[in-house]
file run_37.txt (compact mmCIF, C-alpha atoms and all ligand atoms)
# COMPACT_ATOMS: atom_id res chain seq x y z
CA MET A 199 81.45 7.04 147.18
CA GLU A 200 81.71 4.86 150.27
CA ASN A 201 81.48 6.82 153.53
CA ILE A 202 84.89 6.63 155.13
CA PHE A 203 84.76 9.60 157.48
CA ASN A 204 82.57 7.97 160.16
CA ASN A 205 85.20 5.48 161.20
CA THR A 206 85.95 6.87 164.65
CA GLU A 207 88.30 4.05 165.58
CA VAL A 208 90.69 5.16 162.84
CA ALA A 209 90.01 8.86 163.49
CA PHE A 210 91.00 8.72 167.15
CA ALA A 211 93.47 5.82 167.23
CA LEU A 212 96.18 8.14 168.59
CA LYS A 213 94.02 9.60 171.34
CA SER A 214 93.99 8.07 174.81
CA ASP A 215 90.71 7.99 176.74
CA THR A 216 91.85 10.99 178.77
CA GLU A 217 92.76 12.96 175.65
CA LEU A 218 89.41 12.10 174.15
CA ASP A 219 87.64 13.36 177.29
CA ARG A 220 89.65 16.57 177.15
CA ALA A 221 88.74 17.12 173.51
CA TYR A 222 85.08 16.54 174.35
CA PHE A 223 85.17 19.03 177.19
CA LEU A 224 86.94 21.60 175.01
CA PHE A 225 84.52 21.36 172.08
CA LYS A 226 81.60 21.47 174.53
CA MET A 227 82.92 24.79 175.82
CA ILE A 228 83.66 26.15 172.36
CA ASP A 229 80.15 25.18 171.28
CA ASN A 230 78.79 27.79 173.62
CA GLN A 231 78.95 31.11 171.78
CA PRO A 232 78.45 33.48 174.73
CA LEU A 233 81.13 31.57 176.62
CA VAL A 234 83.57 31.95 173.70
CA ARG A 235 82.83 35.70 173.52
CA ILE A 236 83.39 36.16 177.23
CA GLY A 237 86.34 33.79 177.29
CA THR A 238 88.00 35.65 174.42
CA ALA A 239 87.55 39.04 176.07
CA VAL A 240 88.77 37.83 179.46
CA THR A 241 91.77 36.05 177.94
CA ASN A 242 92.77 39.07 175.84
CA PHE A 243 92.55 41.25 178.91
CA ALA A 244 94.49 38.79 181.07
CA ILE A 245 97.27 38.54 178.50
CA LYS A 246 97.54 42.30 178.07
CA ALA A 247 97.55 42.76 181.85
CA HIS A 248 100.29 40.13 182.11
CA LEU A 249 98.19 37.95 184.38
CA PRO A 250 99.52 34.41 184.74
CA VAL A 251 96.99 32.70 182.46
CA GLU A 252 99.43 31.04 180.09
CA GLY A 253 99.43 27.78 182.05
CA LEU A 254 95.67 27.57 181.83
CA ILE A 255 95.64 28.36 178.10
CA ARG A 256 98.36 25.82 177.51
CA ALA A 257 96.53 23.06 179.29
CA THR A 258 93.31 23.69 177.37
CA VAL A 259 93.05 25.24 173.90
CA PHE A 260 96.76 25.55 173.21
CA ASP A 261 97.64 21.90 173.58
CA HIS A 262 94.62 20.88 171.58
CA PHE A 263 95.26 23.17 168.60
CA CYS A 264 99.06 23.63 168.67
CA GLY A 265 102.12 21.41 168.45
CA GLY A 266 104.18 23.36 170.99
CA VAL A 267 105.89 26.66 171.68
CA ASN A 268 108.72 26.00 169.26
CA GLU A 269 109.49 23.89 166.21
CA VAL A 270 111.39 21.22 168.16
CA ASP A 271 108.40 20.66 170.49
CA CYS A 272 106.35 19.77 167.43
CA LEU A 273 108.53 16.90 166.29
CA SER A 274 107.07 14.31 168.65
CA VAL A 275 103.57 15.20 167.38
CA VAL A 276 104.84 15.05 163.78
CA ASP A 277 106.29 11.57 164.30
CA LYS A 278 103.21 10.34 166.12
CA MET A 279 100.81 11.48 163.39
CA PHE A 280 103.03 10.01 160.71
CA THR A 281 102.73 6.55 162.28
CA LYS A 282 99.17 6.72 160.88
CA GLY A 283 100.27 8.20 157.56
CA VAL A 284 99.20 11.78 158.36
CA SER A 285 101.85 14.36 157.43
CA SER A 286 102.49 17.76 159.04
CA VAL A 287 103.01 21.33 157.93
CA LEU A 288 104.85 23.26 160.65
CA ASP A 289 103.06 26.59 160.91
CA TYR A 290 104.77 29.40 162.83
CA SER A 291 101.54 31.05 163.93
CA VAL A 292 102.76 34.30 165.40
CA GLU A 293 100.52 36.99 163.95
CA GLY A 294 99.95 40.74 163.93
CA LYS A 295 103.59 41.80 164.29
CA GLU A 296 104.78 45.09 162.82
CA GLU A 297 108.53 45.32 163.45
CA GLU A 298 111.39 44.54 161.08
CA GLU A 299 113.00 42.41 163.74
CA GLN A 300 109.87 40.26 163.99
CA PHE A 301 109.66 39.91 160.21
CA ASP A 302 113.26 38.74 160.18
CA ALA A 303 112.45 36.26 162.96
CA ALA A 304 109.55 34.87 160.89
CA LEU A 305 111.88 34.63 157.91
CA GLU A 306 114.45 32.69 159.94
CA MET A 307 111.76 30.38 161.27
CA THR A 308 110.41 29.70 157.78
CA LEU A 309 113.91 28.91 156.55
CA LYS A 310 114.31 26.54 159.49
CA THR A 311 111.05 24.75 158.70
CA ILE A 312 112.18 24.36 155.07
CA GLU A 313 115.28 22.67 156.44
CA PHE A 314 113.12 20.46 158.73
CA ALA A 315 110.93 19.52 155.77
CA LYS A 316 113.92 18.66 153.63
CA GLU A 317 115.10 16.22 156.29
CA ARG A 318 111.77 14.56 157.02
CA GLU A 319 109.33 12.64 154.89
CA ALA A 320 106.64 13.41 157.48
CA ILE A 321 106.84 17.15 156.65
CA PRO A 322 106.08 17.57 152.93
CA PHE A 323 105.50 21.36 152.93
CA ALA A 324 106.67 24.55 154.58
CA VAL A 325 104.33 27.53 155.01
CA PHE A 326 104.28 31.24 155.81
CA LYS A 327 101.87 34.19 155.90
CA PRO A 328 102.56 37.26 153.74
CA THR A 329 102.02 39.65 156.67
CA GLY A 330 104.55 37.64 158.65
CA PHE A 331 107.18 39.12 156.29
CA GLY A 332 106.04 42.73 156.09
CA ARG A 333 103.64 45.33 157.39
CA PHE A 334 99.97 44.89 156.45
CA GLU A 335 99.77 48.57 155.50
CA LEU A 336 102.38 48.17 152.78
CA TYR A 337 100.38 45.42 151.08
CA GLU A 338 97.26 47.50 151.53
CA LYS A 339 98.84 50.58 149.93
CA ILE A 340 99.87 48.62 146.85
CA GLY A 341 96.36 47.17 146.62
CA ALA A 342 94.89 50.69 146.77
CA LYS A 343 97.43 51.86 144.15
CA GLN A 344 98.87 54.45 146.52
CA ALA A 345 102.46 55.59 146.09
CA PHE A 346 105.10 54.61 148.63
CA THR A 347 107.33 57.10 150.40
CA ASP A 348 111.07 56.41 150.00
CA SER A 349 111.25 54.68 153.36
CA GLU A 350 108.20 52.55 152.59
CA GLN A 351 109.77 51.55 149.29
CA ALA A 352 112.89 50.48 151.18
CA GLU A 353 110.73 48.44 153.57
CA TRP A 354 108.87 46.84 150.67
CA ASP A 355 112.15 45.94 148.97
CA LYS A 356 112.97 43.99 152.10
CA VAL A 357 109.63 42.18 151.92
CA ILE A 358 110.39 41.19 148.33
CA ALA A 359 113.84 40.01 149.39
CA ARG A 360 112.32 37.85 152.17
CA PHE A 361 109.86 36.26 149.75
CA ASP A 362 112.62 35.64 147.27
CA LEU A 363 114.96 34.08 149.80
CA VAL A 364 112.44 31.55 151.16
CA CYS A 365 111.22 30.64 147.67
CA GLN A 366 114.77 30.21 146.42
CA GLN A 367 115.60 28.01 149.42
CA ALA A 368 112.44 25.97 148.90
CA HIS A 369 113.42 25.53 145.26
CA ASP A 370 117.04 24.61 145.99
CA LYS A 371 116.03 22.14 148.72
CA ASP A 372 113.10 20.81 146.71
CA VAL A 373 110.53 21.52 149.43
CA ALA A 374 107.05 22.70 148.40
CA LEU A 375 106.16 26.02 150.03
CA LEU A 376 102.60 27.11 150.85
CA ILE A 377 101.81 30.82 151.14
CA ASP A 378 98.64 31.66 153.05
CA ALA A 379 95.99 34.15 151.91
CA GLU A 380 94.63 36.91 154.11
CA GLU A 381 92.27 39.92 153.79
CA SER A 382 91.26 40.90 150.24
CA TRP A 383 92.53 44.47 150.63
CA MET A 384 96.08 43.26 151.09
CA GLN A 385 95.87 40.18 148.90
CA ASP A 386 96.46 41.77 145.45
CA ALA A 387 99.97 42.79 146.44
CA ALA A 388 100.66 39.33 147.88
CA ASP A 389 99.25 37.63 144.76
CA ASP A 390 101.49 39.65 142.46
CA LEU A 391 104.51 38.79 144.54
CA VAL A 392 103.65 35.07 144.73
CA THR A 393 103.03 34.94 140.97
CA LYS A 394 106.50 36.41 140.40
CA MET A 395 107.90 33.67 142.63
CA MET A 396 106.03 31.01 140.64
CA GLN A 397 107.40 32.46 137.39
CA LYS A 398 110.89 32.30 138.82
CA TYR A 399 110.90 29.06 140.83
CA ASN A 400 108.13 26.89 139.37
CA THR A 401 109.78 26.36 136.00
CA GLU A 402 110.28 22.60 136.46
CA LYS A 403 107.44 21.78 138.87
CA PRO A 404 105.13 23.42 141.42
CA ILE A 405 107.28 24.46 144.39
CA VAL A 406 105.68 27.78 145.36
CA PHE A 407 101.96 27.52 146.22
CA ASN A 408 99.62 30.50 146.52
CA THR A 409 96.22 30.25 148.27
CA LEU A 410 92.81 31.01 146.78
CA GLN A 411 89.93 31.78 149.14
CA MET A 412 86.91 30.47 147.29
CA TYR A 413 84.45 32.51 149.40
CA ARG A 414 85.57 35.26 147.01
CA TRP A 415 83.46 35.18 143.84
CA ASP A 416 86.33 36.50 141.70
CA ARG A 417 88.81 33.72 142.44
CA LEU A 418 87.78 31.17 139.82
CA ASP A 419 88.37 33.75 137.14
CA TYR A 420 91.69 34.58 138.72
CA LEU A 421 92.69 30.92 138.60
CA LYS A 422 91.73 30.59 134.93
CA LYS A 423 93.72 33.69 133.98
CA LEU A 424 96.71 32.44 135.95
CA GLN A 425 96.46 29.13 134.11
CA GLU A 426 96.56 30.99 130.75
CA LYS A 427 99.61 32.92 131.87
CA ALA A 428 101.33 29.79 133.14
CA LYS A 429 100.67 28.02 129.88
CA GLN A 430 102.03 30.89 127.80
CA GLU A 431 105.09 31.44 129.93
CA GLY A 432 105.72 27.81 130.79
CA PHE A 433 105.60 27.81 134.58
CA PHE A 434 103.74 25.52 137.00
CA ILE A 435 100.99 26.52 139.43
CA GLY A 436 100.89 25.35 143.02
CA MET A 437 97.59 26.27 144.67
CA LYS A 438 96.03 25.77 148.08
CA LEU A 439 92.25 26.05 147.86
CA VAL A 440 90.38 27.11 151.00
CA ARG A 441 86.98 28.68 151.58
CA GLY A 442 88.40 31.59 153.60
CA ALA A 443 88.67 32.64 157.21
CA TYR A 444 87.91 36.38 157.21
CA MET A 445 84.31 36.49 156.00
CA GLU A 446 82.84 38.71 158.70
CA LYS A 447 85.68 41.19 158.50
CA GLU A 448 85.33 41.31 154.69
CA ASN A 449 81.57 41.91 154.77
CA THR A 450 81.77 44.49 157.53
CA ARG A 451 84.49 46.50 155.76
CA ALA A 452 82.64 46.40 152.44
CA GLU A 453 79.47 47.64 154.08
CA GLU A 454 81.23 50.34 156.06
CA MET A 455 83.14 51.63 153.05
CA GLY A 456 80.27 51.22 150.61
CA TYR A 457 81.70 48.82 148.05
CA SER A 458 80.21 45.51 146.98
CA SER A 459 81.41 42.61 149.09
CA PRO A 460 84.02 40.31 147.54
CA ILE A 461 82.33 37.37 149.32
CA CYS A 462 79.88 35.01 147.60
CA ASP A 463 76.20 35.63 148.29
CA SER A 464 75.63 32.44 150.25
CA LYS A 465 77.34 29.44 151.79
CA GLU A 466 76.01 27.34 148.89
CA ALA A 467 77.62 29.71 146.37
CA THR A 468 80.95 29.42 148.22
CA ASP A 469 80.64 25.63 148.31
CA GLN A 470 79.96 25.48 144.60
CA ASN A 471 82.79 27.87 143.82
CA TYR A 472 85.16 25.74 145.88
CA ASP A 473 84.20 22.47 144.21
CA THR A 474 84.33 24.02 140.73
CA ALA A 475 87.87 25.25 141.40
CA VAL A 476 88.88 21.78 142.62
CA LEU A 477 87.49 20.22 139.45
CA TYR A 478 89.20 22.85 137.29
CA MET A 479 92.52 22.05 138.91
CA MET A 480 92.00 18.31 138.42
CA GLU A 481 91.44 19.01 134.72
CA HIS A 482 94.72 20.93 134.50
CA LEU A 483 96.96 18.76 136.65
CA ASP A 484 99.57 18.69 133.89
CA ARG A 485 100.46 22.21 134.98
CA MET A 486 99.11 22.33 138.53
CA ALA A 487 99.34 20.86 142.02
CA LEU A 488 96.51 21.16 144.55
CA PHE A 489 96.48 21.41 148.33
CA ALA A 490 92.79 21.20 149.32
CA GLY A 491 92.63 22.85 152.76
CA THR A 492 89.16 21.98 154.00
CA HIS A 493 87.16 20.42 156.81
CA ASN A 494 84.16 20.01 154.56
CA GLU A 495 83.28 16.34 154.08
CA ALA A 496 81.24 16.87 150.90
CA SER A 497 84.10 18.74 149.21
CA SER A 498 86.53 16.05 150.32
CA TYR A 499 84.31 13.33 148.82
CA LYS A 500 84.01 15.33 145.59
CA LEU A 501 87.77 15.51 145.26
CA MET A 502 88.03 11.76 145.95
CA GLU A 503 85.43 11.18 143.24
CA PHE A 504 87.23 13.40 140.73
CA LEU A 505 90.41 11.42 141.33
CA GLU A 506 88.59 8.17 140.73
CA LYS A 507 86.75 9.43 137.64
CA LYS A 508 89.87 10.83 136.06
CA ALA A 509 91.89 7.74 136.97
CA ILE A 510 94.36 9.75 139.01
CA ALA A 511 96.09 7.76 141.76
CA LYS A 512 94.85 8.48 145.31
CA ASN A 513 98.39 9.32 146.34
CA ASP A 514 99.34 11.30 143.21
CA HIS A 515 102.07 13.65 144.39
CA ARG A 516 100.20 16.65 142.93
CA VAL A 517 97.08 16.22 145.08
CA TRP A 518 96.98 16.81 148.84
CA PHE A 519 94.18 17.10 151.36
CA GLY A 520 94.81 19.28 154.43
CA GLN A 521 93.16 20.04 157.76
CA LEU A 522 94.18 21.96 160.87
CA TYR A 523 95.65 20.18 163.88
CA GLY A 524 92.96 19.66 166.51
CA MET A 525 90.12 19.64 163.98
CA SER A 526 88.47 17.05 161.74
CA ASP A 527 90.65 14.10 162.66
CA ASN A 528 87.91 11.92 161.19
CA ILE A 529 88.77 13.34 157.77
CA SER A 530 92.57 13.38 158.11
CA TYR A 531 93.13 9.92 159.55
CA ASN A 532 90.55 8.18 157.39
CA LEU A 533 91.95 9.78 154.23
CA ALA A 534 95.45 8.64 155.17
CA ALA A 535 94.22 5.16 156.10
CA ASN A 536 92.62 4.90 152.67
CA GLY A 537 95.77 5.84 150.82
CA TYR A 538 95.28 9.57 150.11
CA ASN A 539 97.89 12.26 150.75
CA ASP A 540 96.92 14.19 153.85
CA ALA A 541 98.74 16.83 155.91
CA LYS A 542 97.71 18.76 158.98
CA TYR A 543 98.80 22.35 159.67
CA LEU A 544 100.58 22.14 163.02
CA PRO A 545 100.73 25.63 164.53
CA PHE A 546 103.42 26.57 167.02
CA GLY A 547 104.76 29.65 168.78
CA PRO A 548 104.82 31.31 172.19
CA VAL A 549 101.41 31.00 173.87
CA ARG A 550 100.61 34.72 173.92
CA ASP A 551 101.66 35.18 170.27
CA VAL A 552 99.44 32.44 168.89
CA MET A 553 96.35 33.81 170.67
CA PRO A 554 94.91 35.47 167.51
CA TYR A 555 95.14 32.06 165.81
CA LEU A 556 93.49 30.29 168.75
CA ILE A 557 90.73 32.85 168.99
CA ARG A 558 89.96 32.39 165.27
CA ARG A 559 89.71 28.64 165.87
CA ALA A 560 87.40 29.08 168.87
CA GLU A 561 85.21 31.51 166.97
CA GLU A 562 84.95 29.43 163.82
CA ASN A 563 83.95 26.43 165.94
CA THR A 564 81.08 27.99 167.86
CA SER A 565 77.67 26.46 167.40
CA VAL A 566 76.62 29.29 165.11
CA ALA A 567 79.53 29.22 162.70
CA GLY A 568 81.12 25.87 162.90
CA GLN A 569 81.11 22.15 162.76
CA THR A 570 81.49 21.54 166.46
CA SER A 571 78.42 19.38 166.65
CA ARG A 572 80.09 17.01 164.19
CA GLU A 573 83.29 16.96 166.26
CA LEU A 574 81.24 16.26 169.40
CA ALA A 575 79.20 13.55 167.73
CA MET A 576 82.37 11.83 166.53
CA ILE A 577 84.01 11.94 169.96
CA LYS A 578 80.81 10.68 171.60
CA ALA A 579 80.58 7.79 169.13
CA GLU A 580 84.17 6.82 169.80
CA ARG A 581 83.73 6.97 173.59
CA LYS A 582 80.69 4.72 173.23
CA ARG A 583 82.56 2.33 170.95
CA ARG A 584 85.43 2.04 173.45
CA LYS A 585 83.08 1.46 176.38
CA GLY A 586 81.23 -1.24 174.45
CA LYS A 587 84.39 -3.24 173.81
C1 LIG B 1 95.07 23.37 155.85
C2 LIG B 1 94.30 24.65 155.88
C3 LIG B 1 94.90 25.84 155.47
C4 LIG B 1 94.18 27.04 155.51
N1 LIG B 1 94.74 28.21 155.04
C5 LIG B 1 93.98 29.33 154.97
C6 LIG B 1 94.46 30.53 154.37
O1 LIG B 1 95.60 30.59 153.89
N2 LIG B 1 93.65 31.61 154.34
C7 LIG B 1 92.36 31.59 154.84
O2 LIG B 1 91.64 32.59 154.76
N3 LIG B 1 91.89 30.49 155.43
C8 LIG B 1 92.67 29.36 155.50
N4 LIG B 1 92.15 28.24 156.06
C9 LIG B 1 90.92 28.31 156.82
C10 LIG B 1 89.77 27.98 155.97
O3 LIG B 1 89.48 29.08 155.17
C11 LIG B 1 88.68 27.61 156.97
O4 LIG B 1 88.96 26.34 157.44
C12 LIG B 1 87.41 27.60 156.31
O5 LIG B 1 86.97 28.89 156.39
C13 LIG B 1 86.46 26.58 156.82
O6 LIG B 1 85.90 26.06 155.64
P1 LIG B 1 85.81 24.54 155.26
O7 LIG B 1 86.24 24.38 153.85
O8 LIG B 1 86.49 23.74 156.24
O9 LIG B 1 84.26 24.22 155.22
P2 LIG B 1 82.91 24.74 155.86
O10 LIG B 1 83.02 24.64 157.31
O11 LIG B 1 81.88 23.95 155.15
O12 LIG B 1 82.75 26.20 155.39
C14 LIG B 1 82.75 27.32 156.23
C15 LIG B 1 83.21 28.47 155.37
O13 LIG B 1 82.28 28.73 154.33
C16 LIG B 1 82.24 30.11 154.04
N5 LIG B 1 80.89 30.63 154.36
C17 LIG B 1 80.16 30.38 155.49
N6 LIG B 1 78.98 31.05 155.46
C18 LIG B 1 78.96 31.72 154.29
C19 LIG B 1 78.02 32.61 153.69
N7 LIG B 1 76.87 32.93 154.30
N8 LIG B 1 78.32 33.14 152.49
C20 LIG B 1 79.47 32.84 151.86
N9 LIG B 1 80.41 31.99 152.38
C21 LIG B 1 80.16 31.45 153.57
C22 LIG B 1 83.29 30.75 154.94
O14 LIG B 1 84.50 30.79 154.26
C23 LIG B 1 83.35 29.79 156.11
O15 LIG B 1 84.57 29.87 156.80
C24 LIG B 1 92.85 27.04 156.00
C25 LIG B 1 92.26 25.84 156.41
C26 LIG B 1 92.94 24.65 156.33
C27 LIG B 1 92.25 23.40 156.75

call {"tool": "encode", "arguments": {"input": "run_37.txt", "output": "structure tokens"}}
result
Amino acid sequence: MENIFNNTEVAFALKSDTELDRAYFLFKMIDNQPLVRIGTAVTNFAIKAHLPVEGLIRATVFDHFCGGVNEVDCLSVVDKMFTKGVSSVLDYSVEGKEEEEQFDAALEMTLKTIEFAKEREAIPFAVFKPTGFGRFELYEKIGAKQAFTDSEQAEWDKVIARFDLVCQQAHDKDVALLIDAEESWMQDAADDLVTKMMQKYNTEKPIVFNTLQMYRWDRLDYLKKLQEKAKQEGFFIGMKLVRGAYMEKENTRAEEMGYSSPICDSKEATDQNYDTAVLYMMEHLDRMALFAGTHNEASSYKLMEFLEKKAIAKNDHRVWFGQLYGMSDNISYNLAANGYNDAKYLPFGPVRDVMPYLIRRAEENTSVAGQTSRELAMIKAERKRRKGK
């Protein structure tokens, strides 16, 4: 397949020279692992101590990785990206909350983004995180097959009601709804709930999408079983495929608690698992829709190849590529320019509340873990190209 991802002119067409310089500076900093460690610790402390660091965070990492502090802020970014054919998924990225009030706020925000999506072609999906709608411990207890107390049961009933309300709204407004995946020890409860929503709301087409983290070796089997169930019962499957963002946490917990890790043995095994799942979904598109959430170029090429081989249109409405805002623009913009469906997660929320999200981004982009060298090489190439003009 022709290499399309190295076209930096397309990748950075929306970035001014100053913005390009800022991105370069940022990735240079993130590339330095000790600096990220120290930066993370200092920032966490400063936020907890209510030091006035929000301005600094906003001007650096926040503006690079987020669309704004609220959903309305994001709209100018949404419109701008859509001029190049790249769509947006508004992602309310407030994490780690434990209060009913905050769960209700996340529910309201998700409903609002469904409304936004209904009104705008540039926003084809809404999204939420299971633990945004209920306490982590409740999911965990179900996963561990522990009984609820009466008050926990009442809390869980509210979680079910929140899931049901957003899925019903998504269905009624005909907006596809992505549901993120999190740690394996809470995920069984979320999976069961999402499957119920698919059974209820995906009877005509895929509206509710679950997420499979393909760094888990058991997920391909899970997908195949779900496909059998869907076939028997006559519902559609919406699925986001990602590799997974909690690898270290998963391995550490498994080791500490003495069970075998749910994570594949190697990066290669994860890569293969991911691509096999993509192929499986392409072979069952009659009943499925795929959102391929990845920054991996090889996996993106494979999916492009599968589409070509199976004579599926590049812009088939059942196949989407997705990246995170602030990362892998070379993939997003070149896919869109070549006629594929592409959407970027656009996180938003108050600066201090999106810090866990930002820290995950900084950590996954350090020189040890991430693809920062590729980001830097791309930016460098584009700066050179512009200077040479
Ligand atoms: C649009 C979008 C939505 C997302 N939604 C979710 C979500 O709901 N839940 C979630 O968990 N993540 C989510 N992610 C994050 C995603 O999991 C990370 O982007 C991903 O971890 C990075 O993988 P990659 O496919 O971009 O490719 P790469 O950068 O090629 O792969 C890196 C990944 O490979 C895996 N890996 C690395 N080393 C090893 C090893 N030694 N053994 C086994 N596996 C290894 C890890 O998963 C690691 O993160 C989302 C990402 C995108 C772009």

call {"tool": "closest_residue", "arguments": {"input": "run_37.txt", "among": "A:Thr206, A:Ser286, A:Ser291, A:Gln344", "to": "Ala320 of chain A", "atoms": "all atoms listed in the file"}}
result
A:Ser286

call {"tool": "atom_distance", "arguments": {"input": "run_37.txt", "atom1": "atom CA of Gly294 of chain A", "atom2": "atom C1 of ligand LIG 1 (chain B)"}}
result
19.8 Å

call {"tool": "closest_residue", "arguments": {"input": "run_37.txt", "among": "A:Asn201, A:Gln385, A:Thr281, A:Gln397", "to": "ligand LIG 1 (chain B)", "atoms": "all atoms listed in the file"}}
result
A:Gln385

call {"tool": "residues_near_ligand", "arguments": {"input": "run_37.txt", "ligand": "ligand LIG 1 (chain B)", "cutoff": "9 Å", "atoms": "only C-alpha atoms and all ligand atoms", "output": "count of residues only"}}
result
60

call {"tool": "closest_residue", "arguments": {"input": "run_37.txt", "among": "A:Met227, A:Ala452, A:Met279, A:Ala359", "to": "Val208 of chain A", "atoms": "all atoms listed in the file"}}
result
A:Met279

call {"tool": "atom_distance", "arguments": {"input": "run_37.txt", "atom1": "atom CA of Tyr222 of chain A", "atom2": "atom CA of Met199 of chain A"}}
result
29.0 Å

call {"tool": "atom_distance", "arguments": {"input": "run_37.txt", "atom1": "atom CA of Asp514 of chain A", "atom2": "atom CA of Pro545 of chain A"}}
result
25.7 Å

call {"tool": "residues_around", "arguments": {"input": "run_37.txt", "residues": "segment 247-251 of chain A", "least_positions_apart": "6", "cutoff": "10 Å", "atoms": "all atoms listed in the file", "output": "CSV table (one decimal) with C-alpha atoms, keeping the file's coordinate frame"}}
result
chain,number,residue,atom,x,y,z
A,241,THR,CA,91.8,36.0,177.9
A,549,VAL,CA,101.4,31.0,173.9
A,550,ARG,CA,100.6,34.7,173.9

call {"tool": "closest_residue", "arguments": {"input": "run_37.txt", "among": "A:Ala534, A:Ile529, A:Ile340, A:Met480", "to": "Asp386 of chain A", "atoms": "only C-alpha atoms"}}
result
A:Ile340

call {"tool": "residues_near_point", "arguments": {"input": "run_37.txt", "point": "(100.3, 29.6, 135.3)", "cutoff": "12 Å", "atoms": "all atoms listed in the file", "output": "PyMOL selection string"}}
result
chain A and resi 392-401+403-404+406-408+420-437+479+482-487

call {"tool": "closest_residue", "arguments": {"input": "run_37.txt", "among": "A:Lys295, A:Val364, A:Leu305, A:Glu200", "to": "Arg333 of chain A", "atoms": "all atoms listed in the file"}}
result
A:Lys295

call {"tool": "build_atoms", "arguments": {"input": "run_37.txt", "residues": "segment 420-432 of chain A", "atoms": "N, CA, C and O atoms", "output": "JSON list (two decimals), keeping the file's coordinate frame"}}
result
[["chain", "number", "residue", "atom", "x", "y", "z"],
["A", 420, "TYR", "N", 90.26, 34.33, 138.47],
["A", 420, "TYR", "CA", 91.69, 34.58, 138.72],
["A", 420, "TYR", "C", 92.50, 33.33, 138.39],
["A", 420, "TYR", "O", 93.54, 33.39, 137.74],
["A", 421, "LEU", "N", 91.98, 32.18, 138.83],
["A", 421, "LEU", "CA", 92.69, 30.92, 138.60],
["A", 421, "LEU", "C", 92.81, 30.62, 137.10],
["A", 421, "LEU", "O", 93.88, 30.21, 136.62],
["A", 422, "LYS", "N", 91.72, 30.87, 136.37],
["A", 422, "LYS", "CA", 91.73, 30.59, 134.93],
["A", 422, "LYS", "C", 92.74, 31.49, 134.21],
["A", 422, "LYS", "O", 93.46, 31.05, 133.32],
["A", 423, "LYS", "N", 92.78, 32.76, 134.61],
["A", 423, "LYS", "CA", 93.72, 33.69, 133.98],
["A", 423, "LYS", "C", 95.17, 33.29, 134.30],
["A", 423, "LYS", "O", 96.06, 33.36, 133.46],
["A", 424, "LEU", "N", 95.35, 32.85, 135.55],
["A", 424, "LEU", "CA", 96.71, 32.44, 135.95],
["A", 424, "LEU", "C", 97.14, 31.22, 135.13],
["A", 424, "LEU", "O", 98.30, 31.10, 134.71],
["A", 425, "GLN", "N", 96.18, 30.33, 134.90],
["A", 425, "GLN", "CA", 96.46, 29.13, 134.11],
["A", 425, "GLN", "C", 96.89, 29.52, 132.69],
["A", 425, "GLN", "O", 97.86, 28.98, 132.15],
["A", 426, "GLU", "N", 96.19, 30.51, 132.09],
["A", 426, "GLU", "CA", 96.56, 30.99, 130.75],
["A", 426, "GLU", "C", 98.00, 31.51, 130.74],
["A", 426, "GLU", "O", 98.80, 31.21, 129.86],
["A", 427, "LYS", "N", 98.28, 32.30, 131.76],
["A", 427, "LYS", "CA", 99.61, 32.92, 131.87],
["A", 427, "LYS", "C", 100.68, 31.84, 132.02],
["A", 427, "LYS", "O", 101.73, 31.87, 131.37],
["A", 428, "ALA", "N", 100.37, 30.86, 132.88],
["A", 428, "ALA", "CA", 101.33, 29.79, 133.14],
["A", 428, "ALA", "C", 101.61, 28.99, 131.87],
["A", 428, "ALA", "O", 102.75, 28.59, 131.59],
["A", 429, "LYS", "N", 100.54, 28.77, 131.12],
["A", 429, "LYS", "CA", 100.67, 28.02, 129.88],
["A", 429, "LYS", "C", 101.55, 28.78, 128.88],
["A", 429, "LYS", "O", 102.47, 28.24, 128.28],
["A", 430, "GLN", "N", 101.25, 30.07, 128.75],
["A", 430, "GLN", "CA", 102.03, 30.89, 127.80],
["A", 430, "GLN", "C", 103.49, 30.98, 128.19],
["A", 430, "GLN", "O", 104.38, 30.87, 127.36],
["A", 431, "GLU", "N", 103.71, 31.18, 129.50],
["A", 431, "GLU", "CA", 105.09, 31.44, 129.93],
["A", 431, "GLU", "C", 105.83, 30.17, 130.35],
["A", 431, "GLU", "O", 107.03, 30.20, 130.60],
["A", 432, "GLY", "N", 105.08, 29.09, 130.47],
["A", 432, "GLY", "CA", 105.72, 27.81, 130.79],
["A", 432, "GLY", "C", 106.14, 27.64, 132.24],
["A", 432, "GLY", "O", 107.18, 27.08, 132.53]]
